[in-house]
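The structure appears below as structure tokens.
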Amino acid sequence: ELNVWYLDDGTLAGDSASVLSDFAQIIHESRKIGLEINPSKCELHFMSDTDEEVLKRFQLLSPGIRSITKDNLTLLGAPLTSKAAMCCLNTKLEEMKILFARLPSLNSYHIAFYLLRHCFAIPRLTYLLRTTPTWNFEEILHSFDTEIRSTLETLLNTTLSEQKWILASLPVNVGGLGVRKASDLAIPAFL
């Protein structure tokens with residue numbers, strides 16, 4: 001049996017009867033102090049096949065609770081399986097493509113570069129890089145790097161050779177532009 005909390009995010013694990021009992025107690029005790037569980041944010045994961053009867057008991061206790069698979073299993077936003085990590089990384093990549101496509105439409109390329117460097121590139125990936133062994137997903141890391149490089153080239157209005165891209169991706173204090181590559185940060189960020 002596991003009962004772990006971080007602020008208002010809890011994780012219960014064990015056999016279905018004990019988890020259901022603990023969950024019912026949490027709901028009951030929370031109501032005493034004026035708090036409510038948001039069932040739409042509650043997730044169930046069955047280590048074996050989904051037990052429909054157990055799922056129905058949880059849904060009677062908390063309508064809106066949903067069952068998730070290993071493919072999208074996360075804890076505090078950090079993927080717990082390889083498939084979940086791939087799903088999270090692909091979602092981030094698609095979000096970044098949308099943001100990067102909008103940057104050139106700003107009135108100032110200087111502002112767009114600042115946003116790329118400080119908000120939209122690696123800062124958007126930092127949590128995933130720190131909580132997930134992303135170095136196992138080299139292909140998608142290179143996709144991130146390609147998108148970052150392409151956007152940087154658009155903002156600078158120049159094509160970067162491989163050597164210039166390596167130099168541009170260095171930190172500012174060693175002569176780079178500070179637009180870091182995800183593939184360079186994957187291992188050190190996780191350590």
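Residues are referred to by chain and number: the chain letter is A, B, ... according to the order shown in the structure tokens, the number counts from 1 in that chain, and ligands are numbered separately from 1 in the order shown.
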Next on the checklist: From a backbone DSSP assignment, name each residue in chain A labelled strand (DSSP E or B), as a list of chain:residue names.
Outcome noted: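 Secondary structure check on chain A, strand (DSSP E or B): A:Leu2, A:Asn3, A:Val4, A:Trp5, A:Tyr6, A:Asp9, A:Gly10, A:Thr11, A:Leu12, A:Ala13, A:Glu43, A:Leu44, A:Arg66, A:Ser67, A:Thr74, A:Leu75, A:Ala78, A:Pro79.
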Checklist entry - If you count only C-alpha atoms, which residues fall within 10 Å of segment 79-95 of chain A, apart from same-chain ones fewer than 4 positions away, as a ChimeraX atom specification? => result /A:69-75,99-100,120-121,124-125,128-129,131-134,136-137,140-141,143-144,147
Name the residues in contact with segment 25-32 of chain A at a cut-off of 12 Å, using only C-alpha atoms, excluding same-chain residues fewer than 2 positions from it; report them as a PDB file with C-alpha atoms, in the first residue's frame.
ATOM      1  CA  ASN A   3      -0.105   6.822   0.100  1.00  0.00           C
ATOM      2  CA  TRP A   5       1.275  13.382  -1.343  1.00  0.00           C
ATOM      3  CA  ASP A   8      -2.627  18.806  -3.177  1.00  0.00           C
ATOM      4  CA  GLY A  10      -1.957  12.493  -4.022  1.00  0.00           C
ATOM      5  CA  THR A  11      -1.063   9.022  -5.188  1.00  0.00           C
ATOM      6  CA  LEU A  12      -2.660   5.932  -3.722  1.00  0.00           C
ATOM      7  CA  SER A  18      -7.629  -0.611   0.098  1.00  0.00           C
ATOM      8  CA  VAL A  19      -7.309   2.135  -2.527  1.00  0.00           C
ATOM      9  CA  LEU A  20     -11.098   2.469  -2.695  1.00  0.00           C
ATOM     10  CA  SER A  21     -11.315   2.618   1.106  1.00  0.00           C
ATOM     11  CA  ASP A  22      -8.528   5.219   1.345  1.00  0.00           C
ATOM     12  CA  PHE A  23     -10.097   7.268  -1.444  1.00  0.00           C
ATOM     13  CA  GLY A  34     -14.748  22.336   3.165  1.00  0.00           C
ATOM     14  CA  LEU A  35     -12.598  20.774   0.458  1.00  0.00           C
ATOM     15  CA  GLU A  36     -13.742  18.713  -2.496  1.00  0.00           C
ATOM     16  CA  ILE A  37     -12.019  16.213  -4.737  1.00  0.00           C
ATOM     17  CA  ASN A  38     -12.173  17.172  -8.408  1.00  0.00           C
ATOM     18  CA  PRO A  39     -13.127  13.844 -10.039  1.00  0.00           C
ATOM     19  CA  CYS A  42      -8.623  11.786 -10.702  1.00  0.00           C
ATOM     20  CA  PHE A  58     -14.795   4.119  -8.081  1.00  0.00           C
ATOM     21  CA  LEU A  61     -17.892   7.106  -5.328  1.00  0.00           C
ATOM     22  CA  SER A  62     -16.499   9.806  -7.600  1.00  0.00           C
TER      23      SER A  62
END
Next on the checklist: Give me, as number ranges by chain, all polymer residues having an atom no more than 12 Å from segment 150-159 of chain A, counting only C-alpha atoms and skipping those fewer than 2 positions away in the same chain.
Outcome noted: A: 96-117, 120-121, 142-148, 161-165, 168-169, 177-181
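Of note, atom CA of Gly64 of chain A and atom CA of Glu43 of chain A are spaced 9.2 Å apart.
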Next on the checklist: Going by DSSP on the backbone, which residues of segment 50-188 of chain A come out as helix (DSSP H, G or I)? List them as a ChimeraX atom specification.
Outcome noted: /A:52-61,70-72,82-105,109-120,122-131,134-136,138-156,162-168,172-174,182-188
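The neighbours of Ala17 of chain A here are the residues that come within 12 Å of it, using only C-alpha atoms and leaving out any residue fewer than 6 positions away in the same chain; they are Glu1, Phe23, Ala24, Glu53, Val54, Leu55, Arg57 and Phe58 of chain A.
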Selection file, N, CA and C atoms, as a JSON list (two decimals), in the first residue's frame:
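Produced file out_21.json, reproduced below:
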[["chain", "number", "residue", "atom", "x", "y", "z"],
["A", 1, "GLU", "N", 0.84, -1.18, 0.00],
["A", 1, "GLU", "CA", 0.00, 0.00, 0.00],
["A", 1, "GLU", "C", 0.89, 1.25, 0.00],
["A", 23, "PHE", "N", -9.53, 6.20, -0.64],
["A", 23, "PHE", "CA", -10.10, 7.27, -1.44],
["A", 23, "PHE", "C", -11.40, 7.76, -0.82],
["A", 24, "ALA", "N", -12.24, 6.84, -0.36],
["A", 24, "ALA", "CA", -13.50, 7.21, 0.29],
["A", 24, "ALA", "C", -13.23, 8.01, 1.56],
["A", 53, "GLU", "N", -15.67, -3.89, -12.90],
["A", 53, "GLU", "CA", -16.45, -3.82, -11.66],
["A", 53, "GLU", "C", -15.81, -2.85, -10.67],
["A", 54, "VAL", "N", -14.50, -2.92, -10.54],
["A", 54, "VAL", "CA", -13.78, -2.01, -9.64],
["A", 54, "VAL", "C", -13.90, -0.58, -10.15],
["A", 55, "LEU", "N", -13.77, -0.40, -11.45],
["A", 55, "LEU", "CA", -13.90, 0.93, -12.05],
["A", 55, "LEU", "C", -15.29, 1.51, -11.76],
["A", 57, "ARG", "N", -17.18, 0.85, -9.19],
["A", 57, "ARG", "CA", -17.25, 1.23, -7.77],
["A", 57, "ARG", "C", -16.59, 2.59, -7.54],
["A", 58, "PHE", "N", -15.46, 2.82, -8.20],
["A", 58, "PHE", "CA", -14.80, 4.12, -8.08],
["A", 58, "PHE", "C", -15.66, 5.22, -8.69]]
